[in-house]
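Enquirer: What follows is structure-v9.tsv, TSV, C-alpha atoms and all ligand atoms.
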chain	number	residue	atom	x	y	z
A	1195	MET	CA	-6.84	-5.49	32.31
A	1196	GLY	CA	-8.05	-6.37	28.84
A	1197	THR	CA	-7.09	-3.02	27.36
A	1198	PHE	CA	-3.74	-3.17	29.16
A	1199	GLU	CA	-2.93	-6.50	27.53
A	1200	ARG	CA	-3.95	-5.22	24.12
A	1201	GLY	CA	-1.70	-2.20	24.63
A	1202	VAL	CA	1.29	-4.42	25.36
A	1203	GLU	CA	0.45	-6.57	22.36
A	1204	ARG	CA	0.45	-3.51	20.14
A	1205	LEU	CA	3.86	-2.44	21.44
A	1206	ARG	CA	5.43	-5.88	21.25
A	1207	ARG	CA	7.26	-5.26	18.01
A	1208	CYS	CA	9.21	-2.29	19.34
A	1209	ARG	CA	11.35	-1.90	22.47
A	1210	VAL	CA	9.47	-0.70	25.53
A	1211	ARG	CA	10.50	0.69	28.87
A	1212	ARG	CA	8.71	0.91	32.14
A	1213	VAL	CA	8.54	4.51	33.34
A	1214	GLY	CA	6.91	4.96	36.75
A	1215	GLY	CA	4.78	1.86	36.30
A	1216	ARG	CA	3.73	2.86	32.77
A	1217	ILE	CA	4.95	1.07	29.65
A	1218	VAL	CA	6.34	3.55	27.16
A	1219	ALA	CA	7.70	2.85	23.69
A	1220	GLU	CA	11.45	3.37	23.78
A	1221	HIS	CA	11.56	5.20	20.43
A	1222	ARG	CA	9.29	7.90	21.86
A	1223	LEU	CA	11.67	8.36	24.80
A	1224	VAL	CA	14.66	8.56	22.43
A	1225	TRP	CA	12.89	11.14	20.30
A	1226	GLU	CA	11.94	13.25	23.31
A	1227	ALA	CA	15.50	13.08	24.68
A	1228	HIS	CA	16.90	14.46	21.39
A	1229	ARG	CA	14.17	16.60	19.90
A	1230	GLY	CA	11.83	17.52	22.73
A	1231	SER	CA	8.28	16.47	23.49
A	1232	ILE	CA	6.14	14.80	20.83
A	1233	PRO	CA	3.07	16.91	19.94
A	1234	GLU	CA	-0.27	15.34	20.85
A	1235	GLY	CA	-1.37	12.70	18.34
A	1236	MET	CA	1.91	12.62	16.39
A	1237	ALA	CA	3.64	9.33	15.63
A	1238	ILE	CA	7.28	8.27	15.44
A	1239	HIS	CA	8.23	6.26	12.38
A	1240	HIS	CA	11.24	3.95	12.04
A	1241	VAL	CA	12.80	5.07	8.76
A	1242	ASN	CA	14.55	1.77	7.92
A	1243	GLY	CA	11.47	-0.25	8.86
A	1244	ASP	CA	13.16	-1.93	11.83
A	1245	ASN	CA	10.92	-1.16	14.79
A	1246	ARG	CA	13.69	-2.09	17.20
A	1247	ASP	CA	16.30	0.26	15.73
A	1248	ASN	CA	15.86	3.30	17.97
A	1249	ARG	CA	18.84	5.37	16.87
A	1250	ILE	CA	17.69	8.98	16.56
A	1251	GLU	CA	18.69	9.07	12.86
A	1252	ASN	CA	16.27	6.19	12.28
A	1253	LEU	CA	13.35	8.05	13.83
A	1254	GLN	CA	11.02	10.45	12.06
A	1255	LEU	CA	8.16	12.51	13.47
A	1256	VAL	CA	5.06	12.04	11.32
A	1257	THR	CA	1.34	12.71	11.47
A	1258	PRO	CA	-0.85	9.61	11.75
A	1259	ALA	CA	-1.97	10.15	8.13
A	1260	GLU	CA	1.63	10.36	6.92
A	1261	HIS	CA	2.45	7.29	8.95
A	1262	ARG	CA	-0.35	5.29	7.29
A	1263	HIS	CA	0.83	6.47	3.86
A	1264	ILE	CA	4.43	5.45	4.55
A	1265	HIS	CA	3.37	1.99	5.68
A	1266	ALA	CA	1.09	1.64	2.66
A	1267	GLY	CA	4.25	1.91	0.54
A	1268	TYR	CA	3.99	5.59	-0.41
A	1269	GLU	CA	6.93	7.96	-0.64
A	1270	LEU	CA	6.86	11.70	-0.14
A	1271	GLN	CA	8.87	13.43	-2.88
A	1272	ASP	CA	8.89	17.25	-3.10
A	1273	GLY	CA	5.73	17.41	-1.02
A	1274	VAL	CA	3.81	15.00	-3.28
A	1275	TRP	CA	2.96	11.43	-2.37
A	1276	HIS	CA	4.35	8.92	-4.83
A	1277	LYS	CA	3.70	5.24	-5.26
A	1278	ARG	CA	5.49	2.49	-7.14
A	1279	CYS	CA	3.61	0.94	-10.02
A	1280	ARG	CA	3.50	-2.82	-9.60
A	1281	THR	CA	3.55	-3.34	-13.37
A	1282	CYS	CA	6.27	-1.02	-14.72
A	1283	GLY	CA	8.08	-0.50	-11.40
A	1284	GLN	CA	8.26	3.28	-11.81
A	1285	THR	CA	7.59	5.56	-8.86
A	1286	LYS	CA	4.91	8.05	-9.88
A	1287	PRO	CA	2.75	10.67	-8.14
A	1288	LEU	CA	-0.55	9.34	-6.78
A	1289	SER	CA	-2.43	11.38	-9.39
A	1290	GLU	CA	-0.98	8.93	-11.95
A	1291	PHE	CA	-3.02	6.09	-10.45
A	1292	TYR	CA	-6.73	5.43	-10.99
A	1293	ARG	CA	-8.75	4.84	-7.87
A	1294	TYR	CA	-11.49	2.35	-7.23
A	1295	CYS	CA	-13.29	2.33	-3.93
A	1296	TYR	CA	-13.00	-1.43	-3.53
A	1297	TYR	CA	-9.22	-1.33	-3.40
A	1298	PRO	CA	-7.92	-1.44	0.17
A	1299	TYR	CA	-6.42	1.52	2.00
A	1300	ASP	CA	-7.10	4.57	-0.20
A	1301	GLY	CA	-8.46	2.96	-3.35
A	1302	ALA	CA	-5.38	3.61	-5.48
A	1303	ILE	CA	-4.94	0.61	-7.74
A	1304	PRO	CA	-1.53	-1.14	-7.90
A	1305	ALA	CA	-0.74	-0.18	-11.51
A	1306	CYS	CA	-0.26	3.35	-12.86
A	1307	LYS	CA	-2.70	4.84	-15.39
A	1308	PRO	CA	-0.77	3.91	-18.59
A	1309	CYS	CA	-0.14	0.35	-17.32
A	1310	HIS	CA	-3.76	-0.02	-16.27
A	1311	ARG	CA	-5.03	1.24	-19.63
A	1312	GLN	CA	-2.69	-1.20	-21.39
A	1313	ALA	CA	-3.90	-4.06	-19.17
A	1314	CYS	CA	-7.52	-3.16	-20.00
A	1315	ARG	CA	-6.77	-3.10	-23.73
A	1316	ASP	CA	-5.05	-6.49	-23.48
A	1317	ARG	CA	-7.99	-7.94	-21.57
A	1318	GLN	CA	-10.50	-6.60	-24.11
A	1319	ARG	CA	-8.45	-7.94	-27.00
A	1320	ALA	CA	-8.25	-11.36	-25.34
A	1321	LEU	CA	-12.02	-11.35	-24.82
A	1322	ARG	CA	-12.60	-10.30	-28.44
A	1323	ASP	CA	-10.30	-13.06	-29.73
A	1324	GLN	CA	-12.05	-15.57	-27.52
A	1325	ARG	CA	-15.48	-14.48	-28.76
A	1326	ARG	CA	-14.26	-14.56	-32.37
A	1327	SER	CA	-12.92	-18.10	-32.04
A	1328	LEU	CA	-16.19	-19.20	-30.42
A	1329	CYS	CA	-18.13	-17.70	-33.37
A	1330	ALA	CA	-15.78	-19.36	-35.85
A	1331	THR	CA	-16.33	-22.83	-34.38
A	1332	GLY	CA	-20.08	-22.12	-34.30
A	1333	VAL	CA	-20.06	-21.28	-38.04
A	1334	LYS	CA	-18.02	-24.38	-38.84
A	1335	ASN	CA	-20.50	-26.60	-37.02
A	1336	ASP	CA	-23.43	-25.00	-38.84
A	1337	LYS	CA	-21.75	-25.51	-42.15
A	1338	ALA	CA	-20.95	-29.14	-41.36
A	1339	LYS	CA	-24.60	-29.66	-40.49
A	1340	GLY	CA	-25.66	-27.89	-43.67
A	1341	ASP	CA	-23.40	-30.07	-45.83
A	1342	ARG	CA	-24.89	-33.19	-44.42
A	1343	THR	CA	-28.49	-32.27	-45.25
B	1	ZN	ZN	6.27	3.52	11.10
B	2	ZN	ZN	3.16	1.50	-14.60
Taking this structure as input, can you express it in the form of structure tokens?
Ligand SMILES: [Zn+2]
Ligand SMILES: [Zn+2]
Expert:
Amino acid sequence: MGTFERGVERLRRCRVRRVGGRIVAEHRLVWEAHRGSIPEGMAIHHVNGDNRDNRIENLQLVTPAEHRHIHAGYELQDGVWHKRCRTCGQTKPLSEFYRYCYYPYDGAIPACKPCHRQACRDRQRALRDQRRSLCATGVKNDKAKGDRT
């Protein structure tokens, strides 16, 4: 019963149909009616992102890995996964992004390599300026003290 409820919950965002007492996602039925049976383990993706739009032209057969990539905001262009840089807004191949294991999903950071390098340089410069201004005030205080004695 528990697993049944969870299954329904998972399917709630797309249209479902009852087939012989089983609940089946409608987009899978539409796909099978047009393109034949769905290979074991494959997923059906809604191209326009609307999980209730089950027109065959809105459906795409994908592997689970491809499906995760698509929903993580990746785009497949000429067989290479691309991602949009959050800083410059350009869509670039994944190899143009540094990866850090603590970033969610696959570790690719939101900014492309050039943007990330620029951000690092800016941060270092800001730190350097901050340190320099701290030193400067320190020197001034010392001098003030020195003048008094
Ligand atoms: Zn999808
Ligand atoms: Zn960028």
Enquirer: For a quick check of understanding, using all atoms listed in the file, which of A:Thr1331, A:Gln1324, A:Gln1254, A:Ser1231 has the smallest distance to ligand ZN 1 (chain B)?
Expert: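 For ligand ZN 1 (chain B), the nearest of the candidates is A:Gln1254.
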Enquirer: Using all atoms listed in the file, which residues of the polymer chains come no farther than 8 Å from ligand ZN 2 (chain B)? I'd like the answer as a ChimeraX atom specification.
Expert: /A:1278-1284,1305-1310
Enquirer: Please, could you write that set of residues out with C-alpha atoms as a CSV table (one decimal), in the coordinates of the input?
Expert:
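Output contents, as saved in part-v1.csv:
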chain,number,residue,atom,x,y,z
A,1278,ARG,CA,5.5,2.5,-7.1
A,1279,CYS,CA,3.6,0.9,-10.0
A,1280,ARG,CA,3.5,-2.8,-9.6
A,1281,THR,CA,3.6,-3.3,-13.4
A,1282,CYS,CA,6.3,-1.0,-14.7
A,1283,GLY,CA,8.1,-0.5,-11.4
A,1284,GLN,CA,8.3,3.3,-11.8
A,1305,ALA,CA,-0.7,-0.2,-11.5
A,1306,CYS,CA,-0.3,3.4,-12.9
A,1307,LYS,CA,-2.7,4.8,-15.4
A,1308,PRO,CA,-0.8,3.9,-18.6
A,1309,CYS,CA,-0.1,0.4,-17.3
A,1310,HIS,CA,-3.8,0.0,-16.3
Enquirer: Quick one: residues within 9 Å of ligand ZN 1 (chain B), with all atoms listed in the file, as a ChimeraX atom specification?
Expert: /A:1237-1241,1243-1245,1253-1254,1256,1261-1262,1264-1265
Enquirer: Find the distance between CA of Tyr1268 (chain A) and CA of Pro1304 (chain A) and write it in Å to one decimal.
Expert: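 CA of Tyr1268 (chain A) sits 11.5 Å away from CA of Pro1304 (chain A).
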Enquirer: State, in Å with one decimal place, the distance from CA of Leu1288 (chain A) to CA of Gln1318 (chain A).
Expert: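 Distance reported for this atom pair: 25.6 Å.
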Enquirer: Applying 9 Å and all atoms listed in the file, which residues near Ala1219 (chain A) remain after dropping the ones on its own chain fewer than 6 positions away? List them as a list in words.
Expert: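 Surrounding residues, per the criterion: Leu1205, Cys1208, Arg1209, Val1210, Arg1211 and Arg1212 of chain A.
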Enquirer: Could you state the separation of CA of Asp1247 (chain A) and CA of His1221 (chain A) in Å, given to one decimal place?
Expert: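 Spanning CA of Asp1247 (chain A) to CA of His1221 (chain A) is a straight-line distance of 8.3 Å.
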Enquirer: My list of candidates is A:Cys1295, A:Ala1313, A:Leu1255, A:Val1274. Which is closest to Arg1229 (chain A) when distances are computed with all atoms listed in the file?
Expert: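 Using all atoms listed in the file, the shortest distance to Arg1229 (chain A) belongs to A:Leu1255.
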